[in-house]
Amino acid sequence: PAFTQLYLGVTSGYIREFNFTAVIKIKPPINMKPSYIFPLVVLFLFTGFIPKSNVEYEFIEFADITYKPIIAVTLNGKKAYFLIDSGSDITIIDHNVAEKYGFTAINRREEKHTVLGVVGETSEVMSTKNVNLRIGSSRVFNRYLAFNLKSLVRVTMRNTGFRISGIIGSDLMKRYGFVIDYANKRVGIQVPSGAKAKKADNTIALATPN
């Protein structure tokens, strides 16, 4: 019937996307009612034919995993190490390395927040300017805040030998579809094929980093 041929034409379109060449002909038995044909066609359409995804992953090996995963990144053209912490809602850069990496930490009266540090002290979170962060080959756009990470830096340095310059929080992880692969000691980051990265908006969710 014409109805059946119409749906098979759509199906053959999916087949061409997967680089298959196929000629499909269905001749229902003479006594088969049209009401039985439709469910069969729908089943054929939605089993085994999934459109291609335009998202690829780039994997970066952990530099260390003693405490939490640490990876090497590029901050304003210089190598740096960041801790990956899904327990932190925000991505933070240690304001003590602002001069070294050439970014600016800004205290804004209309935007004051405090967070609890690893040893119980509180400190103000500042906005940042001139931050260019690259993970692997990709520049990642996000809202970067500056915070005094002195205590965490000291603890991490003592336990791992790495001096971290920041924390990658769940905001950036969700934005770029992070996949933590503990078995192979690496992290995957989504790299959309042929798509430009979108800049982050000004909306953030503050929480106490773990």
# chains A, B, ... in the order shown; residues from 1 in each chain; ligands from 1
$ select_by_dssp --residues "range 139-168 of chain A" --states "alpha helix (DSSP H)" --output "number ranges by chain"
A: 150-160
$ write_last_selection --atoms "all heavy atoms" --output "PDB file, in the first residue's frame"
ATOM      1  N   LYS A 150      44.510  28.962  49.437  1.00  0.00           N
ATOM      2  CA  LYS A 150      45.799  28.701  50.084  1.00  0.00           C
ATOM      3  C   LYS A 150      45.810  27.418  50.908  1.00  0.00           C
ATOM      4  O   LYS A 150      46.733  26.600  50.790  1.00  0.00           O
ATOM      5  CB  LYS A 150      46.168  29.897  50.985  1.00  0.00           C
ATOM      6  CG  LYS A 150      47.508  29.747  51.703  1.00  0.00           C
ATOM      7  CD  LYS A 150      47.863  31.018  52.463  1.00  0.00           C
ATOM      8  CE  LYS A 150      46.888  31.255  53.601  1.00  0.00           C
ATOM      9  NZ  LYS A 150      47.293  32.416  54.442  1.00  0.00           N
ATOM     10  N   SER A 151      44.783  27.194  51.705  1.00  0.00           N
ATOM     11  CA  SER A 151      44.755  26.005  52.565  1.00  0.00           C
ATOM     12  C   SER A 151      44.637  24.726  51.742  1.00  0.00           C
ATOM     13  O   SER A 151      45.328  23.735  51.989  1.00  0.00           O
ATOM     14  CB  SER A 151      43.585  26.093  53.554  1.00  0.00           C
ATOM     15  OG  SER A 151      43.740  27.203  54.396  1.00  0.00           O
ATOM     16  N   LEU A 152      43.744  24.732  50.737  1.00  0.00           N
ATOM     17  CA  LEU A 152      43.576  23.559  49.892  1.00  0.00           C
ATOM     18  C   LEU A 152      44.834  23.296  49.070  1.00  0.00           C
ATOM     19  O   LEU A 152      45.230  22.143  48.882  1.00  0.00           O
ATOM     20  CB  LEU A 152      42.379  23.756  48.963  1.00  0.00           C
ATOM     21  CG  LEU A 152      42.074  22.607  48.002  1.00  0.00           C
ATOM     22  CD1 LEU A 152      41.769  21.318  48.755  1.00  0.00           C
ATOM     23  CD2 LEU A 152      40.919  22.963  47.069  1.00  0.00           C
ATOM     24  N   VAL A 153      45.464  24.344  48.592  1.00  0.00           N
ATOM     25  CA  VAL A 153      46.708  24.202  47.821  1.00  0.00           C
ATOM     26  C   VAL A 153      47.773  23.529  48.679  1.00  0.00           C
ATOM     27  O   VAL A 153      48.484  22.617  48.220  1.00  0.00           O
ATOM     28  CB  VAL A 153      47.199  25.577  47.321  1.00  0.00           C
ATOM     29  CG1 VAL A 153      48.618  25.473  46.757  1.00  0.00           C
ATOM     30  CG2 VAL A 153      46.246  26.122  46.266  1.00  0.00           C
ATOM     31  N   ARG A 154      47.882  23.957  49.930  1.00  0.00           N
ATOM     32  CA  ARG A 154      48.889  23.401  50.839  1.00  0.00           C
ATOM     33  C   ARG A 154      48.636  21.920  51.108  1.00  0.00           C
ATOM     34  O   ARG A 154      49.548  21.088  51.047  1.00  0.00           O
ATOM     35  CB  ARG A 154      48.887  24.193  52.152  1.00  0.00           C
ATOM     36  CG  ARG A 154      49.997  23.788  53.113  1.00  0.00           C
ATOM     37  CD  ARG A 154      50.096  24.732  54.296  1.00  0.00           C
ATOM     38  NE  ARG A 154      48.861  24.768  55.083  1.00  0.00           N
ATOM     39  CZ  ARG A 154      48.082  25.832  55.170  1.00  0.00           C
ATOM     40  NH1 ARG A 154      48.384  26.935  54.513  1.00  0.00           N
ATOM     41  NH2 ARG A 154      46.994  25.799  55.915  1.00  0.00           N
ATOM     42  N   VAL A 155      47.371  21.567  51.384  1.00  0.00           N
ATOM     43  CA  VAL A 155      47.025  20.164  51.664  1.00  0.00           C
ATOM     44  C   VAL A 155      47.268  19.287  50.440  1.00  0.00           C
ATOM     45  O   VAL A 155      47.833  18.187  50.536  1.00  0.00           O
ATOM     46  CB  VAL A 155      45.546  20.061  52.115  1.00  0.00           C
ATOM     47  CG1 VAL A 155      45.104  18.602  52.187  1.00  0.00           C
ATOM     48  CG2 VAL A 155      45.351  20.742  53.469  1.00  0.00           C
ATOM     49  N   THR A 156      46.832  19.773  49.275  1.00  0.00           N
ATOM     50  CA  THR A 156      46.990  19.003  48.039  1.00  0.00           C
ATOM     51  C   THR A 156      48.460  18.827  47.679  1.00  0.00           C
ATOM     52  O   THR A 156      48.893  17.744  47.254  1.00  0.00           O
ATOM     53  CB  THR A 156      46.253  19.693  46.871  1.00  0.00           C
ATOM     54  OG1 THR A 156      44.900  19.925  47.254  1.00  0.00           O
ATOM     55  CG2 THR A 156      46.275  18.832  45.630  1.00  0.00           C
ATOM     56  N   MET A 157      49.249  19.870  47.872  1.00  0.00           N
ATOM     57  CA  MET A 157      50.685  19.801  47.587  1.00  0.00           C
ATOM     58  C   MET A 157      51.358  18.772  48.482  1.00  0.00           C
ATOM     59  O   MET A 157      52.190  17.967  48.031  1.00  0.00           O
ATOM     60  CB  MET A 157      51.307  21.185  47.806  1.00  0.00           C
ATOM     61  CG  MET A 157      52.775  21.259  47.474  1.00  0.00           C
ATOM     62  SD  MET A 157      53.059  21.215  45.697  1.00  0.00           S
ATOM     63  CE  MET A 157      54.852  21.272  45.664  1.00  0.00           C
ATOM     64  N   ARG A 158      50.967  18.749  49.747  1.00  0.00           N
ATOM     65  CA  ARG A 158      51.561  17.798  50.697  1.00  0.00           C
ATOM     66  C   ARG A 158      51.200  16.359  50.351  1.00  0.00           C
ATOM     67  O   ARG A 158      52.034  15.457  50.450  1.00  0.00           O
ATOM     68  CB  ARG A 158      51.089  18.126  52.119  1.00  0.00           C
ATOM     69  CG  ARG A 158      51.749  17.270  53.193  1.00  0.00           C
ATOM     70  CD  ARG A 158      51.361  17.712  54.590  1.00  0.00           C
ATOM     71  NE  ARG A 158      49.937  17.515  54.854  1.00  0.00           N
ATOM     72  CZ  ARG A 158      49.105  18.492  55.209  1.00  0.00           C
ATOM     73  NH1 ARG A 158      49.535  19.735  55.330  1.00  0.00           N
ATOM     74  NH2 ARG A 158      47.829  18.238  55.436  1.00  0.00           N
ATOM     75  N   ASN A 159      49.957  16.134  49.890  1.00  0.00           N
ATOM     76  CA  ASN A 159      49.490  14.770  49.618  1.00  0.00           C
ATOM     77  C   ASN A 159      49.826  14.251  48.230  1.00  0.00           C
ATOM     78  O   ASN A 159      49.911  13.030  48.021  1.00  0.00           O
ATOM     79  CB  ASN A 159      47.970  14.690  49.826  1.00  0.00           C
ATOM     80  CG  ASN A 159      47.579  14.884  51.281  1.00  0.00           C
ATOM     81  OD1 ASN A 159      48.379  14.657  52.188  1.00  0.00           O
ATOM     82  ND2 ASN A 159      46.355  15.318  51.509  1.00  0.00           N
ATOM     83  N   THR A 160      49.976  15.154  47.270  1.00  0.00           N
ATOM     84  CA  THR A 160      50.154  14.705  45.884  1.00  0.00           C
ATOM     85  C   THR A 160      51.428  15.203  45.210  1.00  0.00           C
ATOM     86  O   THR A 160      51.866  14.642  44.209  1.00  0.00           O
ATOM     87  CB  THR A 160      48.968  15.166  45.009  1.00  0.00           C
ATOM     88  OG1 THR A 160      49.007  16.602  44.867  1.00  0.00           O
ATOM     89  CG2 THR A 160      47.639  14.765  45.623  1.00  0.00           C
TER      90      THR A 160
END
$ atom_distance --atom1 "CA of Ile71 in chain A" --atom2 "CA of Asp85 in chain A"
11.3 Å
$ closest_residue --among "A:Arg139, A:Asn130, A:Tyr57, A:Thr104" --to "Val73 in chain A" --atoms "only C-alpha atoms"
A:Arg139
$ atom_distance --atom1 "CA of Leu149 in chain A" --atom2 "CA of Lys78 in chain A"
18.9 Å
$ closest_residue --among "A:Gly188, A:Pro69, A:Gly169, A:Gly102" --to "Tyr81 in chain A" --atoms "only C-alpha atoms"
A:Pro69
$ atom_distance --atom1 "CA of Gly177 in chain A" --atom2 "CA of Phe162 in chain A"
25.3 Å
